[in-house]
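> The structure that follows is given in the form of structure tokens.
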Amino acid sequence: MIIQFDNSIPMTTKLLQTLAAATTLAGIVATTGAANAASISYTGSTNYIQTDFDGELLSLTKFNSALGTLKGVTLGFTGDITGDGSLKNKNTNPNNTANLTVHLTSDLDLKLKETDQSLLALNVSTNTGSYSLKGQQTTNIQTLTGTQSATQNYTLGSNLFSSFIGSGDLDLLFSATAKSVLTGSGNILADINTFARANVTVTYDYDPAKSVPEPSTVIGMGLFAGIGLLSQRKKSLFKASN
């Protein structure tokens with residue numbers, strides 16, 4: 001901000017102009033500080049783990065209240081499953097043809113360890129593999145994959161909100177139960193492997209702790225600076241007249 005003085009204006013008017021300018025500046029600073037919302041995110045993931053399993057630990061960082069006041073939490077959960085294996089038509093007749101389809105499903109669950117309460121659950125399905133096998137023929141199952149995502153929001157006063165605040169870790173438990181779905185002719189030998197993994201993100205929306213002076217302090221600083229400018233201006237005019 002640049003403040004200019006007009007010598008044709010009385011000193012009292014100049015002082016009022018300076019005070020008004022300083023007050024305006026203080027208002028701008030105070031408004032900027034009040035509107036300064038922020039967010040911070042943490043992400044954790046697991047490798048692929050062979051299903052079925054229960055309670056794989058996944059730890060994220062809790063919200064540090066020294067950063068400010070927590071307003072909301074968004075928990076994001078992405079689950080991936082994959083599978084492979086082999087199929088064999090056990091019919092001894094070489095003219096027999098088995099038409100088969102294979103796909104996998106898995107129930108994935110994310111719990112809060114300290115309460116054993118489910119936070120998010122997913123039901124993931126893979127793409128479907130189709131096969132046509134003659135009697136005694138064997139084939140590998142193509143890699144089947146599937147993914148699904150979901151989010152859950154928590155606000156001040158909602159259940160479990162306080163569980164996200166603290167200096168330690170946010171401990172979560174990841175579980176997966178899979179099902180292999182094979183349809184087609186009988187006399188089939190199937191060997192199917194299924195795996196699951198999780199990717200979890202927690203985002204904290206908060207008002208930062210105050211890092212700018214209080215409006216009253218800023219106004220006082222502005223007034224002091226304005227009076228200083230007038231004093232300096234008065235000295236300069238005095239020297240010029242001499």
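Order determines the names: the first chain of the structure tokens is A, the second B, and so forth; residues in each chain are numbered 1 upward, and ligands are numbered 1 upward as they are shown.
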Could you name the residues that touch A:Asp52 at 9 Å or less, counting only C-alpha atoms, but leaving out those on the same chain fewer than 2 positions away, as a list in words?
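Listing them by chain and then by number gives Ile49, Gln50, Asp54, Ser175, Ala176, Thr177, Ala178, Thr194, Phe195 and Ala196 of chain A.
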> Now that the selection is made, can you save its residues with C-alpha atoms as a compact mmCIF listing (two decimals), in the first residue's frame?

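So the final result, stored in selection.txt, reads:
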```txt
# COMPACT_ATOMS: atom_id res chain seq x y z
CA ILE A 49 -2.33 -60.94 0.04
CA GLN A 50 -3.75 -64.38 -0.69
CA ASP A 54 -8.76 -61.25 8.51
CA SER A 175 -10.04 -58.23 5.72
CA ALA A 176 -10.90 -60.11 2.52
CA THR A 177 -13.03 -63.17 1.77
CA ALA A 178 -13.12 -64.37 -1.84
CA THR A 194 -7.21 -65.21 -5.36
CA PHE A 195 -5.47 -62.17 -3.85
CA ALA A 196 -6.63 -58.81 -2.47
```
> How far is it from atom CA of A:Thr203 to atom CA of A:Gly72, in Å with one decimal?
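If I compute the distance from atom CA of A:Thr203 to atom CA of A:Gly72, I get 8.3 Å.
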> Can you tell me which residues surround A:Leu112 at a distance of at most 9 Å, considering only C-alpha atoms, apart from same-chain residues fewer than 2 positions away, and format the answer as a list of chain:residue names?
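Residues near the query, excluding close chain neighbours: A:Leu110, A:Glu114, A:Thr115, A:Asp116, A:Gln117, A:Ser118, A:Leu119, A:Ser163, A:Leu170, A:Asp171, A:Leu172, A:Leu173.
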> Counting only C-alpha atoms, which of A:Ser41, A:Thr101, A:Thr61, A:Thr51 gets nearest to A:Asp169?
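The closest residue to A:Asp169 is A:Thr61.
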> Please list as a PyMOL selection string every residue within 8 Å of stretch 44-48 of chain A, counting only C-alpha atoms and excluding residues in the same chain fewer than 2 positions away.
chain A and resi 42+50+58-60+81+195-201
> Grab the atom CA of A:Leu87 to atom CA of A:Ser125 distance for me, in Å with one decimal place.
19.8 Å
> Rounded to one decimal in Å, what is the spacing between atom CA of A:Val181 and atom CA of A:His103?
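Computing it gives 5.4 Å between the two atoms.
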> Apply DSSP to the backbone of this structure and, from stretch 50-147 of chain A, keep only the residues in strand (DSSP E); write these as a PyMOL selection string.
chain A and resi 50+53-61+68-89+97-112+117-125+129-134+138-147
> Please identify all polymer residues within 9 Å of A:Ile165, counting only C-alpha atoms, omitting same-chain residues fewer than 4 positions from it, and present them as a ChimeraX atom specification.
/A:62-65,70,161,170
> Keeping only N, CA and C atoms, write those residues as a PDB file, in the first residue's frame.

```
ATOM      1  N   LYS A  62      -2.920 -39.920  12.557  1.00  0.00           N
ATOM      2  CA  LYS A  62      -4.047 -39.164  13.095  1.00  0.00           C
ATOM      3  C   LYS A  62      -3.820 -37.661  12.893  1.00  0.00           C
ATOM      4  N   PHE A  63      -4.891 -36.901  13.062  1.00  0.00           N
ATOM      5  CA  PHE A  63      -4.791 -35.450  12.930  1.00  0.00           C
ATOM      6  C   PHE A  63      -4.162 -34.859  14.179  1.00  0.00           C
ATOM      7  N   ASN A  64      -3.121 -34.064  13.980  1.00  0.00           N
ATOM      8  CA  ASN A  64      -2.432 -33.383  15.072  1.00  0.00           C
ATOM      9  C   ASN A  64      -3.157 -32.072  15.367  1.00  0.00           C
ATOM     10  N   SER A  65      -3.780 -31.988  16.533  1.00  0.00           N
ATOM     11  CA  SER A  65      -4.580 -30.811  16.862  1.00  0.00           C
ATOM     12  C   SER A  65      -3.750 -29.542  16.970  1.00  0.00           C
ATOM     13  N   LEU A  70      -9.958 -29.294  13.711  1.00  0.00           N
ATOM     14  CA  LEU A  70     -10.443 -30.245  12.707  1.00  0.00           C
ATOM     15  C   LEU A  70     -11.921 -30.012  12.441  1.00  0.00           C
ATOM     16  N   PHE A 161     -15.703 -39.492  15.258  1.00  0.00           N
ATOM     17  CA  PHE A 161     -14.932 -38.323  14.830  1.00  0.00           C
ATOM     18  C   PHE A 161     -13.675 -38.155  15.679  1.00  0.00           C
ATOM     19  N   LEU A 170      -3.511 -43.986  13.348  1.00  0.00           N
ATOM     20  CA  LEU A 170      -4.876 -44.441  13.122  1.00  0.00           C
ATOM     21  C   LEU A 170      -4.773 -45.874  12.602  1.00  0.00           C
TER      22      LEU A 170
END
```
